[in-house]
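Accompanying notes for the structure given below.
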Amino acid sequence: MNFYQAGKYFHYWCFANHQNGHGIHSPFVFDLLTNIIEDFTPFYCFSDIENYRRKLLKNHSEIAVTDYGAGSKIQKSDKRKISEIARYSLTKPKYAQLLFRLVNHFKPENIIELGTSLGLTSLYLAFPNSKTKVFTVEGCPEIAKIASNTHSNFIAKNINLQIGNFQKVLPQLLNEIKTIDFAFIDGNHSYKATLENFKLLKNYSNNNSIFIFDDIYWSKEMTDAWQEIKSDNAVTLSIDLFQFGIIFFMKDFKKQDFRVRF
Ligand SMILES: C[S@@+](CC[C@H](N)C(=O)[O-])C[C@H]1O[C@@H](n2cnc3c(N)ncnc32)[C@H](O)[C@@H]1O
């Protein structure tokens, strides 16, 4: 955690206004917090995926990396060890397992993940329901090769991996999918790209869509993007978990914003 993130984390922890559903009047939000966000019951597949993560963490072979994103704060060279990517770039188990619970509960038909990396989080998105289609986009061909291996190892047939820059791949992909029920935006952590991706995906959202933004306090740019996203008129419910910002678009909801200790 850098100095900026540490300051933001301190502020978040002191001013997070809800935990265990206390003071929440909306039945929807109460259920979301108590039965999904704060329910840490493990599912059968978690240990298999985490065993695979351990294998990646022990794989010290190097690959050539093409970085389309805002750049890594830790890994600067264009050659990276798979073990380092596994350590620094992947969503941590606690948060990936929250994605699993959200998908398991809301049963989205179409999911999009921007930023596949080694493919572990796509598994968490795909496993709750084999009928859910998970579209995941990765710009770096060498990283995508490993993700593809990960998906094949788990015989995850409902994952569709697309290789290429978001800007290039997304317009055609979204045209084909038509509606996005669930989006996990976890690549290119710049203000401009985050807002561009939000605006583009928003055009394909529906009343029940859920969008999750990773690393909303990674930098001031990301925090600014998160502030703008949650103030968008189409967003009626926003939940700040520090690592994740979650938004909902339900039209019959009065706009509400929560910061929850997770
Ligand atoms: C933080 S990692 C994704 C982690 C993954 N979602 C997980 O939880 O395991 C971000 C990934 O997005 C990719 N990426 C960043 N910007 C991109 C862009 N503009 N187009 C395509 N891929 C991009 C990077 O190559 C990197 O592998």
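The chains in the structure tokens are called A, B, ... from first to last as shown; in each chain the residues are counted from 1, and the ligands are counted from 1 in the order shown.
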If we count only C-alpha atoms, what is near Leu99 of chain A at a cut-off of 9 Å, once residues fewer than 4 positions away on the same chain are taken out, given as a short mmCIF file (atom, residue, chain, number, x, y, z; two decimals) with C-alpha atoms, in the first residue's frame?
```cif
data_model
loop_
_atom_site.label_atom_id
_atom_site.label_comp_id
_atom_site.auth_asym_id
_atom_site.auth_seq_id
_atom_site.Cartn_x
_atom_site.Cartn_y
_atom_site.Cartn_z
CA TYR A 95 -12.60 -10.43 -3.15
CA VAL A 103 -22.82 -14.25 -9.33
CA ASN A 104 -24.23 -17.20 -7.41
CA THR A 121 -10.98 -14.64 -11.34
CA TYR A 124 -14.71 -17.57 -9.82
CA LEU A 125 -17.13 -15.78 -12.18
CA PHE A 184 -15.96 -6.69 -13.46
CA ILE A 212 -17.83 -3.79 -10.03
#
```
Need the shell around segment 155-162 of chain A: protein/DNA/RNA residues with any atom at most 9 Å away, counting only C-alpha atoms. Skip same-chain ones fewer than 6 positions apart. Format as a PyMOL selection string?
chain A and resi 116+122-123+125-127+129-139+144+147-148+169+173
Counting only C-alpha atoms and all ligand atoms, name the residues that have an atom within 9 Å of an atom of ligand 1; the answer should be given as number ranges by chain.
A: 65-72, 85-86, 88-92, 95-96, 113-122, 136-141, 143-144, 163-169, 184-189, 193, 214-215
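Shortest atom-to-atom contact with His151 of chain A among A:Tyr52, A:Phe100, A:Trp218, A:Phe244: A:Tyr52, counting only C-alpha atoms.
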Could you tell me how far atom CA of Phe242 of chain A sits from atom CA of Arg87 of chain A, in Å to one decimal place?
19.5 Å
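You can rank A:Glu176, A:Phe249, A:Glu221, A:Phe28 by their closest distance to Lys202 of chain A using only C-alpha atoms, and at the top of that list sits A:Phe249.
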Would you please extract all alpha helix (DSSP H) residues from segment 121-183 of chain A, as assigned by DSSP on the backbone, and give them as a compact mmCIF listing (two decimals) with C-alpha atoms, in the first residue's frame?
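Writing done, so here's part01.txt:
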```txt
# COMPACT_ATOMS: atom_id res chain seq x y z
CA THR A 121 -10.98 -14.64 -11.34
CA SER A 122 -12.75 -15.70 -14.55
CA LEU A 123 -13.07 -19.12 -12.87
CA TYR A 124 -14.71 -17.57 -9.82
CA LEU A 125 -17.13 -15.78 -12.18
CA ALA A 126 -17.84 -18.89 -14.27
CA PRO A 141 -1.04 -12.28 -25.73
CA GLU A 142 1.50 -14.06 -23.49
CA ILE A 143 -0.60 -13.53 -20.36
CA ALA A 144 -3.72 -14.60 -22.28
CA LYS A 145 -1.98 -17.85 -23.24
CA ILE A 146 -1.59 -18.71 -19.55
CA ALA A 147 -5.20 -17.69 -18.84
CA SER A 148 -6.37 -19.97 -21.63
CA ASN A 149 -4.38 -22.82 -20.04
CA THR A 150 -5.95 -22.06 -16.66
CA HIS A 151 -9.45 -22.23 -18.15
CA SER A 152 -8.69 -25.47 -20.04
CA ASN A 153 -7.26 -27.08 -16.90
CA PHE A 166 -10.29 -3.13 -24.71
CA GLN A 167 -10.83 -0.20 -27.08
CA LYS A 168 -10.56 -2.51 -30.07
CA VAL A 169 -12.30 -5.62 -28.76
CA LEU A 170 -15.17 -4.10 -26.76
CA PRO A 171 -17.33 -2.39 -29.41
CA GLN A 172 -17.77 -5.56 -31.47
CA LEU A 173 -18.07 -7.83 -28.44
CA LEU A 174 -20.75 -5.65 -26.85
CA ASN A 175 -22.62 -5.52 -30.12
CA GLU A 176 -22.76 -9.31 -30.09
CA ILE A 177 -23.65 -9.72 -26.40
```
